[in-house]
>>> print(open('my_file_6.cif').read())   # mmCIF, C-alpha atoms
data_entry
loop_
_atom_site.label_atom_id
_atom_site.label_comp_id
_atom_site.auth_asym_id
_atom_site.auth_seq_id
_atom_site.Cartn_x
_atom_site.Cartn_y
_atom_site.Cartn_z
CA MET A 1 -31.52 -89.39 -30.22
CA LYS A 2 -33.55 -87.52 -27.70
CA ARG A 3 -30.80 -88.06 -25.10
CA SER A 4 -28.15 -86.66 -27.43
CA LEU A 5 -30.23 -83.56 -28.11
CA ILE A 6 -30.61 -82.91 -24.38
CA LEU A 7 -26.85 -83.30 -23.88
CA LEU A 8 -26.14 -80.83 -26.68
CA ILE A 9 -28.52 -78.27 -25.19
CA VAL A 10 -26.85 -78.63 -21.77
CA LEU A 11 -23.37 -78.09 -23.31
CA LEU A 12 -24.54 -74.95 -25.13
CA LEU A 13 -26.00 -73.53 -21.91
CA LEU A 14 -22.74 -74.16 -20.01
CA LEU A 15 -20.73 -72.51 -22.79
CA SER A 16 -22.98 -69.42 -22.72
CA ILE A 17 -22.63 -69.07 -18.95
CA ALA A 18 -18.83 -69.32 -19.20
CA LEU A 19 -18.64 -66.59 -21.85
CA ILE A 20 -20.87 -64.22 -19.86
CA GLY A 21 -18.71 -64.62 -16.72
CA CYS A 22 -15.37 -63.88 -18.44
CA PRO A 23 -13.91 -60.38 -17.85
CA GLN A 24 -13.59 -58.16 -20.87
CA LEU A 25 -10.05 -57.76 -22.16
CA VAL A 26 -8.53 -54.26 -22.16
CA PRO A 27 -6.68 -53.34 -25.31
CA ARG A 28 -2.90 -52.82 -24.82
CA GLN A 29 -1.75 -49.25 -24.93
CA PRO A 30 0.09 -48.46 -28.15
CA THR A 31 3.88 -48.47 -27.81
CA GLY A 32 5.35 -45.09 -26.85
CA ARG A 33 2.35 -43.77 -24.91
CA THR A 34 2.08 -43.46 -21.11
CA THR A 35 -0.71 -43.06 -18.63
CA GLU A 36 1.58 -41.34 -15.99
CA PRO A 37 0.71 -37.68 -15.32
CA THR A 38 3.12 -35.08 -16.67
CA ILE A 39 4.64 -32.43 -14.30
CA SER A 40 5.04 -28.86 -15.38
CA PRO A 41 8.62 -27.50 -15.00
CA THR A 42 7.28 -24.78 -12.69
CA THR A 43 5.56 -27.20 -10.33
CA THR A 44 7.31 -27.72 -6.97
CA THR A 45 6.37 -29.50 -3.77
CA GLU A 46 9.09 -27.72 -1.73
CA LYS A 47 7.68 -25.27 0.80
CA GLU A 48 9.30 -21.85 1.11
CA THR A 49 9.45 -19.12 3.72
CA THR A 50 10.19 -15.41 3.36
CA ILE A 51 12.96 -13.78 5.38
CA THR A 52 14.19 -10.19 5.70
CA LEU A 53 17.87 -9.46 5.10
CA TYR A 54 19.66 -6.14 5.58
CA PHE A 55 22.17 -4.81 3.08
CA ILE A 56 24.12 -1.58 2.80
CA GLU A 57 23.28 1.18 0.36
CA GLU A 58 25.12 4.45 -0.24
CA ARG A 59 23.60 7.80 -1.17
CA GLU A 60 25.28 11.20 -1.19
CA ASP A 61 28.33 9.95 0.73
CA THR A 62 26.09 8.39 3.37
CA MET A 63 25.66 4.67 3.99
CA PHE A 64 22.63 3.05 5.60
CA LEU A 65 20.80 -0.27 5.79
CA VAL A 66 17.92 -1.30 3.55
CA PRO A 67 15.68 -4.36 4.08
CA GLU A 68 15.42 -6.97 1.33
CA LYS A 69 12.86 -9.79 1.26
CA ARG A 70 13.98 -13.23 0.06
CA SER A 71 12.25 -16.60 -0.28
CA ILE A 72 14.20 -19.67 0.84
CA PRO A 73 13.29 -23.33 1.41
CA GLN A 74 11.73 -23.94 4.81
CA THR A 75 14.22 -25.17 7.39
CA LYS A 76 14.41 -25.57 11.15
CA ALA A 77 17.81 -23.82 11.05
CA ILE A 78 16.25 -20.60 9.77
CA ALA A 79 18.70 -18.23 11.52
CA ARG A 80 21.70 -19.98 10.00
CA ALA A 81 20.04 -20.01 6.58
CA ALA A 82 19.41 -16.26 6.83
CA LEU A 83 23.07 -15.57 7.59
CA GLU A 84 24.19 -17.73 4.69
CA GLU A 85 21.90 -15.74 2.38
CA LEU A 86 23.32 -12.52 3.83
CA ILE A 87 26.85 -13.65 2.96
CA LYS A 88 25.76 -14.40 -0.62
CA GLY A 89 24.98 -10.72 -1.04
CA SER A 90 22.12 -8.61 -2.35
CA LYS A 91 20.17 -9.34 -5.53
CA GLN A 92 19.54 -5.61 -6.01
CA PRO A 93 22.05 -3.32 -7.78
CA GLY A 94 23.80 -0.79 -5.60
CA ARG A 95 23.46 -2.81 -2.40
CA PHE A 96 26.22 -4.80 -0.75
CA SER A 97 27.39 -6.66 2.33
CA VAL A 98 30.74 -6.09 4.02
CA ILE A 99 30.93 -9.70 5.23
CA PRO A 100 33.69 -11.47 3.26
CA PRO A 101 32.04 -13.94 0.83
CA GLU A 102 34.36 -16.77 1.87
CA THR A 103 33.01 -16.60 5.46
CA LYS A 104 31.38 -19.78 6.79
CA ILE A 105 28.83 -20.09 9.60
CA ARG A 106 30.18 -22.70 12.01
CA SER A 107 27.15 -22.64 14.30
CA VAL A 108 24.23 -20.56 15.57
CA LYS A 109 22.97 -21.15 19.11
CA ILE A 110 19.89 -19.42 20.53
CA ALA A 111 19.03 -19.30 24.23
CA ASN A 112 17.00 -16.81 26.27
CA GLY A 113 16.79 -14.34 23.38
CA LEU A 114 20.55 -14.38 22.74
CA ALA A 115 21.89 -15.70 19.44
CA THR A 116 25.55 -16.69 19.51
CA VAL A 117 27.03 -16.90 16.02
CA ASP A 118 30.31 -18.70 15.49
CA PHE A 119 32.02 -17.52 12.27
CA SER A 120 34.99 -19.05 10.48
CA LYS A 121 38.22 -17.05 10.63
CA GLU A 122 37.64 -15.64 7.14
CA VAL A 123 35.11 -13.19 8.63
CA LEU A 124 38.06 -11.12 9.92
CA ASN A 125 39.31 -10.45 6.37
CA ALA A 126 36.97 -7.49 5.81
CA ASN A 127 38.73 -4.16 5.29
CA VAL A 128 36.25 -1.37 6.01
CA GLY A 129 36.18 2.01 7.71
CA ALA A 130 34.36 2.78 10.95
CA PRO A 131 30.96 3.49 9.31
CA GLY A 132 31.22 0.28 7.28
CA GLU A 133 32.10 -1.73 10.37
CA GLU A 134 29.16 -0.32 12.31
CA LEU A 135 26.79 -1.12 9.44
CA GLY A 136 28.37 -4.54 8.88
CA ILE A 137 27.70 -5.51 12.48
CA ALA A 138 24.20 -4.01 12.33
CA GLN A 139 23.26 -5.85 9.15
CA ILE A 140 23.96 -9.17 10.89
CA VAL A 141 22.21 -8.18 14.12
CA ASN A 142 19.18 -6.65 12.40
CA THR A 143 18.77 -9.68 10.15
CA LEU A 144 18.75 -12.06 13.13
CA THR A 145 16.52 -9.90 15.33
CA GLU A 146 13.81 -10.14 12.66
CA PHE A 147 13.08 -13.50 14.32
CA PRO A 148 10.93 -13.19 17.45
CA THR A 149 13.15 -15.54 19.49
CA ILE A 150 16.21 -13.28 19.10
CA ASN A 151 16.74 -9.81 20.60
CA ARG A 152 20.54 -9.78 21.12
CA VAL A 153 23.47 -11.19 19.15
CA MET A 154 26.99 -12.21 20.13
CA PHE A 155 29.87 -13.02 17.75
CA LEU A 156 32.50 -15.74 18.04
CA VAL A 157 35.33 -16.57 15.65
CA GLU A 158 36.43 -20.19 15.52
CA GLY A 159 34.63 -20.73 18.84
CA ARG A 160 36.27 -17.81 20.68
CA ASP A 161 35.35 -14.21 21.54
CA ARG A 162 38.92 -13.11 22.26
CA GLY A 163 42.51 -14.02 21.51
CA THR A 164 44.31 -13.91 18.17
CA ILE A 165 43.82 -15.77 14.89
CA ASP A 166 46.46 -15.48 12.16
CA GLY A 167 47.88 -12.45 13.96
CA ARG A 168 44.54 -10.63 14.22
CA GLU A 169 42.83 -9.84 17.50
CA ILE A 170 39.29 -11.24 17.59
CA GLN A 171 37.92 -8.43 19.76
CA ASP A 172 39.19 -5.84 17.27
CA TRP A 173 36.86 -7.45 14.70
CA TRP A 174 37.36 -5.27 11.61
CA GLY A 175 39.50 -2.70 13.40
CA HIS A 176 37.14 0.06 14.51
CA VAL A 177 33.95 -0.67 16.46
CA GLY A 178 35.13 -4.03 17.79
CA LEU A 179 33.36 -6.59 19.94
CA SER A 180 34.02 -5.20 23.41
CA ASP A 181 30.41 -4.01 23.81
CA GLN A 182 28.70 -7.19 22.67
CA PRO A 183 26.13 -8.68 22.82
CA PHE A 184 24.66 -6.29 20.26
CA SER A 185 21.05 -5.10 20.04
CA ARG A 186 18.98 -4.05 17.05
CA ARG A 187 19.69 -0.63 15.44
CA GLU A 188 16.56 0.86 13.86
CA ASP A 189 18.29 4.22 13.46
CA LEU A 190 20.61 2.76 10.81
CA ILE A 191 17.74 1.50 8.63
CA GLN A 192 16.23 3.64 5.90
CA GLY A 193 12.76 4.47 7.21
CA GLY A 194 13.67 3.34 10.72
CA LYS A 195 12.61 5.10 13.92
CA VAL A 196 15.08 6.77 16.26
CA VAL A 197 14.38 5.72 19.83
CA SER A 198 16.31 6.58 22.99
CA ASN A 199 15.69 6.84 26.72
CA THR A 200 14.24 10.33 26.26
CA VAL A 201 12.68 10.50 22.78
CA ARG A 202 10.78 8.29 20.32
CA VAL A 203 10.75 9.94 16.92
CA GLU A 204 7.88 9.01 14.63
CA SER A 205 8.75 11.74 12.11
CA PRO A 206 11.08 12.23 10.37
CA ARG A 207 12.26 8.70 9.69
CA ALA A 208 15.94 7.88 9.23
CA PHE A 209 17.53 8.41 5.79
CA THR A 210 14.37 9.74 4.17
CA SER A 211 14.02 12.94 2.12
CA VAL A 212 12.51 15.99 3.85
CA GLU A 213 11.75 19.58 2.93
CA SER A 214 10.57 22.72 4.68
CA PRO A 215 8.28 22.84 6.56
CA LEU A 216 9.34 19.70 8.38
CA THR A 217 6.95 17.94 10.76
CA VAL A 218 8.56 16.51 13.89
CA ARG A 219 6.33 14.09 15.78
CA GLY A 220 6.69 11.48 18.51
CA GLN A 221 6.88 11.11 22.28
CA ALA A 222 9.34 12.70 24.70
CA ARG A 223 10.35 12.08 28.28
CA VAL A 224 12.10 15.22 29.45
CA PHE A 225 12.19 17.68 32.38
CA GLU A 226 9.31 20.18 32.25
CA ALA A 227 8.21 18.62 28.93
CA GLN A 228 10.32 21.07 26.90
CA PHE A 229 13.19 20.41 24.53
CA GLN A 230 14.80 21.79 21.39
CA VAL A 231 14.96 20.66 17.77
CA ARG A 232 17.80 21.80 15.54
CA VAL A 233 18.10 21.23 11.78
CA LEU A 234 21.64 21.16 10.36
CA ASP A 235 23.05 20.66 6.87
CA LYS A 236 25.91 18.30 6.03
CA ASN A 237 28.48 20.97 6.97
CA GLY A 238 26.95 21.52 10.39
CA THR A 239 25.34 24.85 9.49
CA VAL A 240 22.22 25.49 11.58
CA LEU A 241 19.18 25.90 9.33
CA ALA A 242 16.62 26.15 12.13
CA GLU A 243 16.33 25.77 15.90
CA VAL A 244 13.01 25.86 17.75
CA PRO A 245 11.62 24.88 21.16
CA VAL A 246 9.09 22.04 21.28
CA MET A 247 6.65 21.15 24.03
CA SER A 248 5.30 17.68 24.68
CA GLU A 249 1.90 17.02 26.28
CA GLY A 250 3.57 15.64 29.39
CA PHE A 251 7.03 15.06 30.81
CA ASP A 252 6.64 11.25 30.93
CA TRP A 253 6.38 10.12 27.30
CA GLY A 254 4.09 12.95 26.30
CA ASN A 255 3.13 13.29 22.65
CA PHE A 256 4.53 16.14 20.57
CA SER A 257 3.98 17.39 17.02
CA LYS A 258 5.29 20.57 15.42
CA GLN A 259 6.03 21.97 11.98
CA ILE A 260 9.45 23.52 11.59
CA SER A 261 10.41 25.84 8.72
CA PHE A 262 14.11 25.77 7.91
CA ARG A 263 16.36 27.68 5.54
CA LYS A 264 17.08 25.97 2.25
CA PRO A 265 20.57 24.45 2.35
CA LYS A 266 23.16 25.75 -0.11
CA GLU A 267 23.49 22.22 -1.42
CA PRO A 268 20.80 19.54 -1.15
CA GLY A 269 22.06 16.45 0.58
CA ARG A 270 22.58 14.85 3.94
CA GLY A 271 21.33 16.68 6.99
CA THR A 272 20.61 16.08 10.68
CA VAL A 273 17.56 16.70 12.84
CA LEU A 274 18.87 16.94 16.40
CA PHE A 275 16.69 16.58 19.51
CA PHE A 276 18.20 17.95 22.76
CA PHE A 277 17.41 19.78 25.99
CA PHE A 278 19.27 22.17 28.23
CA SER A 279 20.45 20.60 31.47
CA PRO A 280 18.62 22.08 34.49
CA LYS A 281 21.86 21.63 36.43
CA ASP A 282 24.30 23.70 34.37
CA GLY A 283 22.52 24.69 31.14
CA SER A 284 24.61 22.44 28.93
CA GLU A 285 23.12 20.68 25.92
CA VAL A 286 22.02 17.09 26.49
CA THR A 287 21.42 15.12 23.30
CA MET A 288 18.21 13.12 23.20
CA GLY A 289 18.62 11.65 19.72
CA SER A 290 19.38 12.59 16.12
CA VAL A 291 17.90 11.56 12.77
CA THR A 292 19.95 11.53 9.58
CA VAL A 293 17.87 12.79 6.66
CA PHE A 294 18.29 14.04 3.09
CA LEU A 295 17.42 17.74 2.77
CA LYS A 296 15.74 18.94 -0.42
#
>>> encode(input="my_file_6.cif", output="structure tokens")
Amino acid sequence: MKRSLILLIVLLLLLSIALIGCPQLVPRQPTGRTTEPTISPTTTTEKETTITLYFIEEREDTMFLVPEKRSIPQTKAIARAALEELIKGSKQPGRFSVIPPETKIRSVKIANGLATVDFSKEVLNANVGAPGEELGIAQIVNTLTEFPTINRVMFLVEGRDRGTIDGREIQDWWGHVGLSDQPFSRREDLIQGGKVVSNTVRVESPRAFTSVESPLTVRGQARVFEAQFQVRVLDKNGTVLAEVPVMSEGFDWGNFSKQISFRKPKEPGRGTVLFFFFSPKDGSEVTMGSVTVFLK
């Protein structure tokens, strides 16, 4: 009897130990529910980068380039991606590209600051005048030279820079400016708000394709004989509204700043601020640079 009682006590102790050591059971999740995190439709893990594209805008019978920022997925082939976005066109009303939309980028090679772009033959299908061709070339070049590894651009068509394709001469490009002077460099003077820079003048004010009124402040640096030159303001018909001498602080990139009062044009619109000097050899006019503006 006593032995049986001891055995029973031992069995109860073993059973208690077993129950304490068992892991607790987790209730099953009800059907239809999930423990996976939900992702908002606006959430993305794709990294993006911002590029600057140049498109053409027209105002008062004058065309010029305007910069446009755009975010695209990050890629090692960033120059090619920028050109493909350029071909897609602007997202802003009133801006456009003269590059035919069916154009394909066959390759972009960059070496020693020179980007060589190989276009498909469809690029030759553009039908534009001389100003449109100049701006069409500049919008490609200016877009690519936004990247620090590029300072000049050369065009190929189907791998060639000369010869004919479908009866069209590659070097003629779109029929006016052509490719004979390539590789091309950046053109700040064709950008709205851009600076005109030449071998003899760097114009800080006025900026290209901006609105100006009298009195006009001309400011910058000049490199000219005896540090003296002339500034002439003309309306869209070539009528001279003002002409004054300007002195820089030195003949080797000396600073200059002067206010110029000019006659109000008969019609507001496009105008030109011309910088020039008289040749010490024969007195002829030597152009230093010109800025296209809109006269109020």
>>> closest_residue(input="my_file_6.cif", among="A:Gly175, A:Pro93, A:Pro73, A:Gly283", to="A:Glu58", atoms="all atoms listed in the file")
A:Pro93
>>> resolve_selection(input="my_file_6.cif", expression="the PyMOL selection byres ((chain A and resi 129) around 10)", output="PyMOL selection string")
chain A and resi 126-128+130-134+174-177
>>> resolve_selection(input="my_file_6.cif", expression="the PyMOL selection byres ((chain A and resi 245-250) around 9)", output="compact mmCIF listing (two decimals) with C-alpha atoms, keeping the file's coordinate frame")
# COMPACT_ATOMS: atom_id res chain seq x y z
CA GLY A 220 6.69 11.48 18.51
CA GLN A 221 6.88 11.11 22.28
CA ALA A 222 9.34 12.70 24.70
CA ARG A 223 10.35 12.08 28.28
CA VAL A 224 12.10 15.22 29.45
CA GLU A 226 9.31 20.18 32.25
CA ALA A 227 8.21 18.62 28.93
CA GLN A 228 10.32 21.07 26.90
CA PHE A 229 13.19 20.41 24.53
CA GLN A 230 14.80 21.79 21.39
CA VAL A 231 14.96 20.66 17.77
CA ARG A 232 17.80 21.80 15.54
CA GLU A 243 16.33 25.77 15.90
CA VAL A 244 13.01 25.86 17.75
CA PHE A 251 7.03 15.06 30.81
CA ASP A 252 6.64 11.25 30.93
CA TRP A 253 6.38 10.12 27.30
CA GLY A 254 4.09 12.95 26.30
CA ASN A 255 3.13 13.29 22.65
CA PHE A 256 4.53 16.14 20.57
CA SER A 257 3.98 17.39 17.02
CA LYS A 258 5.29 20.57 15.42
>>> closest_residue(input="my_file_6.cif", among="A:Asp282, A:Glu48, A:Glu169, A:Glu213", to="A:Pro265", atoms="only C-alpha atoms")
A:Glu213
>>> atom_distance(input="my_file_6.cif", atom1="atom CA of A:Gly167", atom2="atom CA of A:Met63")
29.8 Å
>>> resolve_selection(input="my_file_6.cif", expression="the PyMOL selection byres ((chain A and resi 119) around 7)", output="PyMOL selection string")
chain A and resi 103-106+117-118+120-121+123+156-158
>>> closest_residue(input="my_file_6.cif", among="A:Lys88, A:Arg70, A:Lys76, A:Arg168", to="A:Glu122", atoms="all atoms listed in the file")
A:Arg168
>>> atom_distance(input="my_file_6.cif", atom1="atom CA of A:Ala242", atom2="atom CA of A:Phe262")
4.9 Å
>>> residues_near_point(input="my_file_6.cif", point="(7.9, 9.1, 17.6)", cutoff="7 Å", atoms="all atoms listed in the file", output="MDAnalysis selection string")
chainID A and resid 202:205 219:221
>>> closest_residue(input="my_file_6.cif", among="A:Glu285, A:Glu188, A:Asp181, A:Asp235", to="A:Leu65", atoms="only C-alpha atoms")
A:Glu188
>>> closest_residue(input="my_file_6.cif", among="A:Leu124, A:Val212, A:Ile56, A:Val153", to="A:Gln182", atoms="only C-alpha atoms")
A:Val153
>>> atom_distance(input="my_file_6.cif", atom1="atom CA of A:Val218", atom2="atom CA of A:Val286")
18.4 Å
>>> residues_around(input="my_file_6.cif", residues="A:Gln139", least_positions_apart="2", cutoff="9 Å", atoms="all atoms listed in the file", output="PDB file with C-alpha atoms, keeping the file's coordinate frame")
ATOM      1  CA  LEU A  53      17.870  -9.460   5.100  1.00  0.00           C
ATOM      2  CA  TYR A  54      19.660  -6.140   5.580  1.00  0.00           C
ATOM      3  CA  PHE A  55      22.170  -4.810   3.080  1.00  0.00           C
ATOM      4  CA  ILE A  56      24.120  -1.580   2.800  1.00  0.00           C
ATOM      5  CA  LEU A  65      20.800  -0.270   5.790  1.00  0.00           C
ATOM      6  CA  VAL A  66      17.920  -1.300   3.550  1.00  0.00           C
ATOM      7  CA  LEU A  86      23.320 -12.520   3.830  1.00  0.00           C
ATOM      8  CA  SER A  97      27.390  -6.660   2.330  1.00  0.00           C
ATOM      9  CA  GLU A 134      29.160  -0.320  12.310  1.00  0.00           C
ATOM     10  CA  LEU A 135      26.790  -1.120   9.440  1.00  0.00           C
ATOM     11  CA  GLY A 136      28.370  -4.540   8.880  1.00  0.00           C
ATOM     12  CA  ILE A 137      27.700  -5.510  12.480  1.00  0.00           C
ATOM     13  CA  VAL A 141      22.210  -8.180  14.120  1.00  0.00           C
ATOM     14  CA  ASN A 142      19.180  -6.650  12.400  1.00  0.00           C
ATOM     15  CA  THR A 143      18.770  -9.680  10.150  1.00  0.00           C
ATOM     16  CA  LEU A 144      18.750 -12.060  13.130  1.00  0.00           C
ATOM     17  CA  ARG A 187      19.690  -0.630  15.440  1.00  0.00           C
TER      18      ARG A 187
END
>>> build_atoms(input="my_file_6.cif", residues="stretch 261-277 of chain A", atoms="N, CA, C and O atoms", output="PDB file, keeping the file's coordinate frame")
ATOM      1  N   SER A 261       9.911  25.286   9.981  1.00  0.00           N
ATOM      2  CA  SER A 261      10.410  25.840   8.720  1.00  0.00           C
ATOM      3  C   SER A 261      11.914  26.049   8.849  1.00  0.00           C
ATOM      4  O   SER A 261      12.387  26.592   9.859  1.00  0.00           O
ATOM      5  N   PHE A 262      12.651  25.588   7.865  1.00  0.00           N
ATOM      6  CA  PHE A 262      14.110  25.770   7.910  1.00  0.00           C
ATOM      7  C   PHE A 262      14.611  26.372   6.600  1.00  0.00           C
ATOM      8  O   PHE A 262      13.983  26.247   5.552  1.00  0.00           O
ATOM      9  N   ARG A 263      15.751  27.053   6.709  1.00  0.00           N
ATOM     10  CA  ARG A 263      16.360  27.680   5.540  1.00  0.00           C
ATOM     11  C   ARG A 263      16.811  26.609   4.543  1.00  0.00           C
ATOM     12  O   ARG A 263      17.278  25.540   4.935  1.00  0.00           O
ATOM     13  N   LYS A 264      16.677  26.903   3.280  1.00  0.00           N
ATOM     14  CA  LYS A 264      17.080  25.970   2.250  1.00  0.00           C
ATOM     15  C   LYS A 264      18.593  25.827   2.278  1.00  0.00           C
ATOM     16  O   LYS A 264      19.321  26.832   2.291  1.00  0.00           O
ATOM     17  N   PRO A 265      19.111  24.617   2.321  1.00  0.00           N
ATOM     18  CA  PRO A 265      20.570  24.450   2.350  1.00  0.00           C
ATOM     19  C   PRO A 265      21.208  24.909   1.036  1.00  0.00           C
ATOM     20  O   PRO A 265      20.553  24.905  -0.015  1.00  0.00           O
ATOM     21  N   LYS A 266      22.467  25.332   1.106  1.00  0.00           N
ATOM     22  CA  LYS A 266      23.160  25.750  -0.110  1.00  0.00           C
ATOM     23  C   LYS A 266      23.251  24.606  -1.101  1.00  0.00           C
ATOM     24  O   LYS A 266      23.179  24.819  -2.307  1.00  0.00           O
ATOM     25  N   GLU A 267      23.441  23.410  -0.583  1.00  0.00           N
ATOM     26  CA  GLU A 267      23.490  22.220  -1.420  1.00  0.00           C
ATOM     27  C   GLU A 267      22.559  21.169  -0.841  1.00  0.00           C
ATOM     28  O   GLU A 267      22.655  20.846   0.336  1.00  0.00           O
ATOM     29  N   PRO A 268      21.646  20.650  -1.651  1.00  0.00           N
ATOM     30  CA  PRO A 268      20.800  19.540  -1.150  1.00  0.00           C
ATOM     31  C   PRO A 268      21.692  18.359  -0.788  1.00  0.00           C
ATOM     32  O   PRO A 268      22.747  18.137  -1.389  1.00  0.00           O
ATOM     33  N   GLY A 269      21.266  17.611   0.175  1.00  0.00           N
ATOM     34  CA  GLY A 269      22.060  16.450   0.580  1.00  0.00           C
ATOM     35  C   GLY A 269      21.793  16.060   2.016  1.00  0.00           C
ATOM     36  O   GLY A 269      20.749  16.392   2.586  1.00  0.00           O
ATOM     37  N   ARG A 270      22.745  15.377   2.587  1.00  0.00           N
ATOM     38  CA  ARG A 270      22.580  14.850   3.940  1.00  0.00           C
ATOM     39  C   ARG A 270      22.406  15.984   4.950  1.00  0.00           C
ATOM     40  O   ARG A 270      23.027  17.038   4.868  1.00  0.00           O
ATOM     41  N   GLY A 271      21.545  15.734   5.910  1.00  0.00           N
ATOM     42  CA  GLY A 271      21.330  16.680   6.990  1.00  0.00           C
ATOM     43  C   GLY A 271      21.033  15.938   8.278  1.00  0.00           C
ATOM     44  O   GLY A 271      20.926  14.705   8.306  1.00  0.00           O
ATOM     45  N   THR A 272      20.875  16.674   9.370  1.00  0.00           N
ATOM     46  CA  THR A 272      20.610  16.080  10.680  1.00  0.00           C
ATOM     47  C   THR A 272      19.509  16.840  11.390  1.00  0.00           C
ATOM     48  O   THR A 272      19.499  18.077  11.390  1.00  0.00           O
ATOM     49  N   VAL A 273      18.576  16.108  11.966  1.00  0.00           N
ATOM     50  CA  VAL A 273      17.560  16.700  12.840  1.00  0.00           C
ATOM     51  C   VAL A 273      17.916  16.265  14.254  1.00  0.00           C
ATOM     52  O   VAL A 273      17.819  15.079  14.601  1.00  0.00           O
ATOM     53  N   LEU A 274      18.356  17.225  15.053  1.00  0.00           N
ATOM     54  CA  LEU A 274      18.870  16.940  16.400  1.00  0.00           C
ATOM     55  C   LEU A 274      17.835  17.308  17.449  1.00  0.00           C
ATOM     56  O   LEU A 274      17.280  18.398  17.445  1.00  0.00           O
ATOM     57  N   PHE A 275      17.600  16.375  18.373  1.00  0.00           N
ATOM     58  CA  PHE A 275      16.690  16.580  19.510  1.00  0.00           C
ATOM     59  C   PHE A 275      17.569  16.694  20.767  1.00  0.00           C
ATOM     60  O   PHE A 275      18.375  15.805  21.046  1.00  0.00           O
ATOM     61  N   PHE A 276      17.379  17.774  21.553  1.00  0.00           N
ATOM     62  CA  PHE A 276      18.200  17.950  22.760  1.00  0.00           C
ATOM     63  C   PHE A 276      17.457  18.836  23.759  1.00  0.00           C
ATOM     64  O   PHE A 276      16.456  19.482  23.440  1.00  0.00           O
ATOM     65  N   PHE A 277      17.952  18.865  24.992  1.00  0.00           N
ATOM     66  CA  PHE A 277      17.410  19.780  25.990  1.00  0.00           C
ATOM     67  C   PHE A 277      18.566  20.403  26.759  1.00  0.00           C
ATOM     68  O   PHE A 277      19.702  19.907  26.723  1.00  0.00           O
TER      69      PHE A 277
END
